[in-house]
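Asker: Here's a structure for you.
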Amino acid sequence: MSQRNLRQAHPLFTCGLKAASLALLWPLWTQEALAATPPSDFVNALRGSNSGGAYSRGNTFPAAAVPFGFNFWTPMTDANSKSWIYDYTRGSIQAFTISHMPSPWMSDRQTFQVMPQSGAVTVDRAARGALFSHANETAKAHYYSVKFNSGLQTEIAPTDHGASWRFTFPGTASYLLFDTADGIGGSLSIDRTNGVVSGYTDHSTGWGPAPRMYVYAKFSKPIVDSLSVTGQRAVTSWIRFNTVAGEKVTMSIATSFISVAQAQSNLAQEIGTKGFDTVKQEAQSAWDSVLGKIEVEGATDDQKTILYSNLYRAFLYPNSAWENVGGTPSYASPYASGHPVKTGKVYVNNGFWDTYRTTWPLYALLIPNKTGEMLDGFVNGYKDGGWVTRWSAPGYANIMVGTNSDVIFADAYLKGVRNFDVPAAYDSMLRNAATYSSDPARGRKGMHRSVFLGYTPQDVVGESTSWSLEGYLNDFGIGQLAQALGKTEDAQYYLNRSLNYVTLFSPSVGFFRGKNANGTWRTSDADFKANRWGCEYTEGNAWHYSVLAPQDGQGLANLYSGKSGLANKIDALFSAPRDYDVGCYGGVIHEMKEGYDVNMGQYAHSNQPVHHTLYMYSYAGTPWRIQERVRDILNTQYQSGLTNGYGYLGDEDNGEMSAWYLFSAMGFYPVSMGRPEYAIGAPFFTKMTVHLENGADIVINAPNASDTNRYIQSVTLNGQPYARNYLPHTALSNGATLNFTMGASATNWGSASSDLPPSLTTGSAIAQPLADVAKGGTVSASADNAASGEGSAQGFDDNSLTKWLAFQSTPWIRYQLSGGAKTVKMYTLTSANDFPGRDPKSWTLQASNDGSSWVTLDTRTGQDFPWRYQTRAFALTNNTPYSQYRLQINETHGDSITQLAEIELLGK
């Protein structure tokens, strides 16, 4: 079996092949690594758990799971919490739980609790809390264990849908209490004869209903007594075993979102008659197969703990939510009403605003086949619910900005990932970027205005600058994918839109800032404060968003008066006072405190908006600045947490913070998502070997790298001198050897103009995207419905919630420009809210300078608008300026009435 097929056959990718037998076939590098200390032994799953709502050092919990697994298994220091379920500072555990929590801010769901007790049953949570010491606690990716002060021990070893539990009881009367948090419905059945506990819980989040979770559990000892506790939570029950002191009792349990019978099937598939130690070893092998993808030399044990714990976090999310039903992948859809069971695979638990920056490009590099499977799982969500969710927890959630699945799909495709439904993914991207959604949890906000204004107006949508800048980045991704797929008109349109970042740059204050629909800034220059949080910014301020245009690094530099100006701006961000103004948040939020404690000026590594910032020095031609600072960030912003539950400053969201570390330690970073390339930083370790899915290796040698020798003196790629400060993905994807000579002084390596990464803009001029020239002119039409407010003027009012309605199937509408003739290079038409039969199907666009002699610029036939409020763009080959433009509708989709929400004439 080839290495590629071998790795695809691992339990990470399929059920049925035992990890124990697979280990015999692992490549030599894996066997050699495991002959020493397996990477899983370095994982500390407690990192980041010393957190709360007021201050985050990761906001994590010790989740035992398999990579991208269906369930998490974790202790609870607060068994009634649905968010901060484990607090490192607390000295007692009140339950162990099945969890599906992606973040405490998103809340937990689909939970079920188990609490072992000895001597007597105590239901009250505070009273039943069992005291423990962290010295008697082991929290790994593949295994959790704690021995209470009473002598009772709980051990958990996970599978994908289930887990094996082992309890060591100190006495003769031993109990397992089953429970849920308050307010959670469910039902539990205890079959004492057959030794089975089964049932379900209905635990959704505030973001919408989640599928019901079913459980099925069996035990190694007979159940001698049981009781359903009345007057308590819905499933509160207990069972009792007769034991001798020190006796071990195992519980095998599995879950399903489909049925109790499927939970029973999942248990049979994954555990069956396996003993606890076998399940534990298989889970450890599954983790070692992915953690072992990165090997380092020149690292202390503490640094290895940080490295492999970060890899654990990166490979923990997103989570499978599908099951093997009689050999067919199936899932209870979290996106469709009633959660119908569908064929296929679905993945959940991801905040794309967080993860697009680092985790998804990490997956595309290390596990491209699995990446395609996971992306296809999110495409299935689009097929079920009509949109790809912005934040999957598990369904649609109205939180965070940007439809960042757009750039994730594009980036993966351009890096060679093909095993997902690309046409459907592309459709989902178009729907996000081209249609208005009345549901705030789906699509981009403010699309009825932003498409036509070129920015999201602050007086229409809060956090507008963030929505805009993220939108431009995602438009870039769409344009890039469109270009790769041969969709030239879409590519031209969306790449042009991605340049609209210039519309929000204010030279008078030197920052991107919020703008209202009428074109005025949200604040006066005098009132503008760069350290003011919120308002037009998401979880940050103007500093944090000051260089968020990686799709056009040269164009961004031009806004700052050139490359030296861009370098100075980033320098200023690091040197600025770290104080914050609470702004529109009205009070201190935890991100402000954590950003302050980063102690790097306004560079708040504690949150995602700045994570690309350091690598923007590449576009400024000062890569030595990256080399100077990146090592400080890696040294100070990540801790092992071995004795205090620390790990990060800020939230470790679905592996994003961890993946930033991993890329930066490698010495390169995906600064421009949607481009298959990486900005070069500086390697952290003296040697790192990255094992790729195709069997090739990336070997990164920096034998003299240290805190002193942090500057690149020279680089070779596969033995050849390399001067560019970025790496194409193709230079790495089939293996590569990078040799870095490091030194104590900065050099001009990678600083020449020819060494810089590509940008949309070339030259020193500020980008001038095409814009709608149909403003301030005169509109007329063959048929008007002005009296009802649906006249020809509404076709040019920059608002797709209004429309031009003509009681003719073949009307025309004309626009006479103000200020003289202009050259139109593209035009857009936007479908209205009414019957699709009224949409134009065929039309002709004509132009004139005298209103009498008309020239045909474009003719279209057989056109369609799949969605309401959808904007479509059409390119012209015209190079002649005209003062009048006329759209002649030749055919609708069958109705005698014509409708259009908006018409744009894009020119300069």
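Letters A, B, ... mark the chains of the structure tokens in the order given; residue numbers begin at 1 per chain; ligand numbers begin at 1, in order shown.
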Report the closest atom pair, with its distance in Å rounded to one decimal, for each residue of range 755-789 of chain A that has an atom no farther than 9 Å from range 702-725 of chain A; count only C-alpha atoms, sort by chain and then rising residue number, and write it as a Markdown table.
Answerer:
```
| residue | atom | partner | partner_atom | distance |
| --- | --- | --- | --- | --- |
| A:Asp755 | CA | A:Arg724 | CA | 4.0 |
| A:Leu756 | CA | A:Asn725 | CA | 6.0 |
| A:Pro757 | CA | A:Asn725 | CA | 7.1 |
```
Asker: I need the chosen residues saved as a PDB file, in the first residue's frame, with N, CA and C atoms.
Answerer:
```pdb
ATOM      1  N   ASP A 755      11.456  40.870  -5.366  1.00  0.00           N
ATOM      2  CA  ASP A 755      11.340  39.820  -4.360  1.00  0.00           C
ATOM      3  C   ASP A 755       9.995  39.818  -3.658  1.00  0.00           C
ATOM      4  N   LEU A 756       9.169  40.840  -3.920  1.00  0.00           N
ATOM      5  CA  LEU A 756       7.931  41.016  -3.166  1.00  0.00           C
ATOM      6  C   LEU A 756       6.802  40.170  -3.739  1.00  0.00           C
ATOM      7  N   PRO A 757       5.810  39.822  -2.906  1.00  0.00           N
ATOM      8  CA  PRO A 757       4.682  39.028  -3.398  1.00  0.00           C
ATOM      9  C   PRO A 757       3.858  39.805  -4.415  1.00  0.00           C
TER      10      PRO A 757
END
```
Asker: With DSSP run on the backbone, what are the strand (DSSP E or B) residues within range 527-657 of chain A? I'd like them as a list in words.
Answerer: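 Assigned to strand (DSSP E or B), within range 527-657 of chain A: Arg532, Asp581, Tyr638 and Tyr648 of chain A.
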Asker: Sorted by chain and rising residue number, which residues of range 48-121 of chain A lie within 10 Å of range 255-269 of chain A, and what are their closest atom pairs and distances in Å to one decimal, counting only C-alpha atoms, as CSV?
Answerer:
```
residue,atom,partner,partner_atom,distance
A:Phe70,CA,A:Thr255,CA,8.8
A:Asn71,CA,A:Thr255,CA,8.2
A:Ile98,CA,A:Thr255,CA,9.0
A:Gln110,CA,A:Phe257,CA,8.9
A:Phe112,CA,A:Thr255,CA,9.7
```
Asker: Residues near Thr892 in chain A, anyone? I mean within 8 Å using only C-alpha atoms, not counting same-chain ones fewer than 5 positions away, as a list in words.
Answerer: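 Near Thr892 in chain A, the qualifying residues are Ser809, Thr810, Gly837, Arg838, Asp839, Pro840, Lys841, Ser842, Ile897 and Thr898 of chain A.
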Asker: Which of these, A:Pro423, A:Pro318, A:Gly326, A:Pro394, has the shortest distance to Thr371 in chain A once you count only C-alpha atoms?
Answerer: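 With only C-alpha atoms as the atom set, the closest residue is A:Pro318.
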Asker: Show which residues sit within 6 Å of range 61-69 of chain A, as a compact mmCIF listing (two decimals) with N, CA and C atoms, in the first residue's frame. Count only C-alpha atoms, and ignore same-chain residues fewer than 4 positions away.
Answerer:
```txt
# COMPACT_ATOMS: atom_id res chain seq x y z
N ALA A 45 -3.94 19.10 27.28
CA ALA A 45 -5.28 19.56 26.93
C ALA A 45 -5.84 20.56 27.92
N LEU A 46 -5.12 20.82 29.01
CA LEU A 46 -5.57 21.82 29.98
C LEU A 46 -5.13 23.23 29.61
N SER A 49 -7.41 26.59 29.81
CA SER A 49 -8.62 26.37 30.59
C SER A 49 -8.71 27.26 31.82
N TRP A 73 -15.25 14.59 25.09
CA TRP A 73 -15.50 14.02 26.41
C TRP A 73 -14.65 14.80 27.40
N THR A 74 -15.28 15.37 28.42
CA THR A 74 -14.55 16.32 29.26
C THR A 74 -15.12 16.36 30.67
N TYR A 86 -15.40 24.02 32.33
CA TYR A 86 -14.23 23.58 33.10
C TYR A 86 -13.37 24.80 33.39
N ALA A 141 -4.91 14.50 24.43
CA ALA A 141 -5.86 14.49 23.32
C ALA A 141 -6.67 13.19 23.32
N HIS A 142 -6.02 12.09 23.65
CA HIS A 142 -6.61 10.76 23.50
C HIS A 142 -7.08 10.15 24.80
N TYR A 143 -6.91 10.86 25.92
CA TYR A 143 -7.13 10.21 27.21
C TYR A 143 -7.29 11.28 28.28
N PRO A 158 -11.52 8.04 23.99
CA PRO A 158 -12.56 8.31 23.00
C PRO A 158 -12.43 7.48 21.72
N ASP A 160 -14.71 7.86 17.69
CA ASP A 160 -15.35 8.95 16.96
C ASP A 160 -16.71 9.28 17.57
N PHE A 315 -6.31 20.26 15.07
CA PHE A 315 -6.96 19.08 14.50
C PHE A 315 -8.17 18.62 15.32
N LEU A 316 -8.59 19.43 16.27
CA LEU A 316 -9.78 19.11 17.05
C LEU A 316 -11.06 19.52 16.32
N TYR A 317 -10.98 20.62 15.57
CA TYR A 317 -12.11 21.18 14.84
C TYR A 317 -11.77 21.24 13.36
N PRO A 318 -12.80 21.28 12.49
CA PRO A 318 -14.23 21.11 12.73
C PRO A 318 -14.56 19.66 13.05
N ASN A 319 -15.81 19.42 13.42
CA ASN A 319 -16.20 18.10 13.89
C ASN A 319 -17.13 17.40 12.93
N SER A 320 -16.90 16.11 12.76
CA SER A 320 -17.81 15.32 11.96
C SER A 320 -19.17 15.28 12.65
```
Asker: Return the single residue from A:Glu904, A:Ser848, A:Gly894, A:Ser564 that is closest to Thr880 in chain A, with distances computed using only C-alpha atoms.
Answerer: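 For Thr880 in chain A, the nearest of the candidates is A:Ser848.
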Asker: Which distance in Å separates CA of Phe684 in chain A and CA of Glu628 in chain A, to one decimal?
Answerer: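 Result for CA of Phe684 in chain A versus CA of Glu628 in chain A: 11.7 Å, one decimal.
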Asker: Could you work out how far CA of Ile633 in chain A lies from CA of Ile680 in chain A, giving the answer in Å with one decimal?
Answerer: 15.6 Å
Asker: Report as a list in words all protein, DNA and RNA residues lying within 8 Å of range 328-342 of chain A, evaluated on only C-alpha atoms, omitting residues in the same chain fewer than 3 positions from it.
Answerer: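 Returned residues: Pro209, Ala210, Pro211, Phe257, Ile258, Ala321, Trp322, Glu323, Asn324, Val325, Lys345, Val346, Gly381, Asp384, Gly385, Pro394, Gly395 and Tyr396 of chain A.
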Asker: Rank A:Asn398, A:Gln888, A:Ser226, A:Thr871 by their smallest atom-to-atom distance to Ser831 in chain A, using only C-alpha atoms, and report the top residue only.
Answerer: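 The shortest atom-to-atom distance to Ser831 in chain A comes from A:Thr871.
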Asker: Pick from A:Pro550, A:Gly674, A:Pro609, A:Gly454: nearest to Glu656 in chain A, with only C-alpha atoms counted?
Answerer: A:Pro609
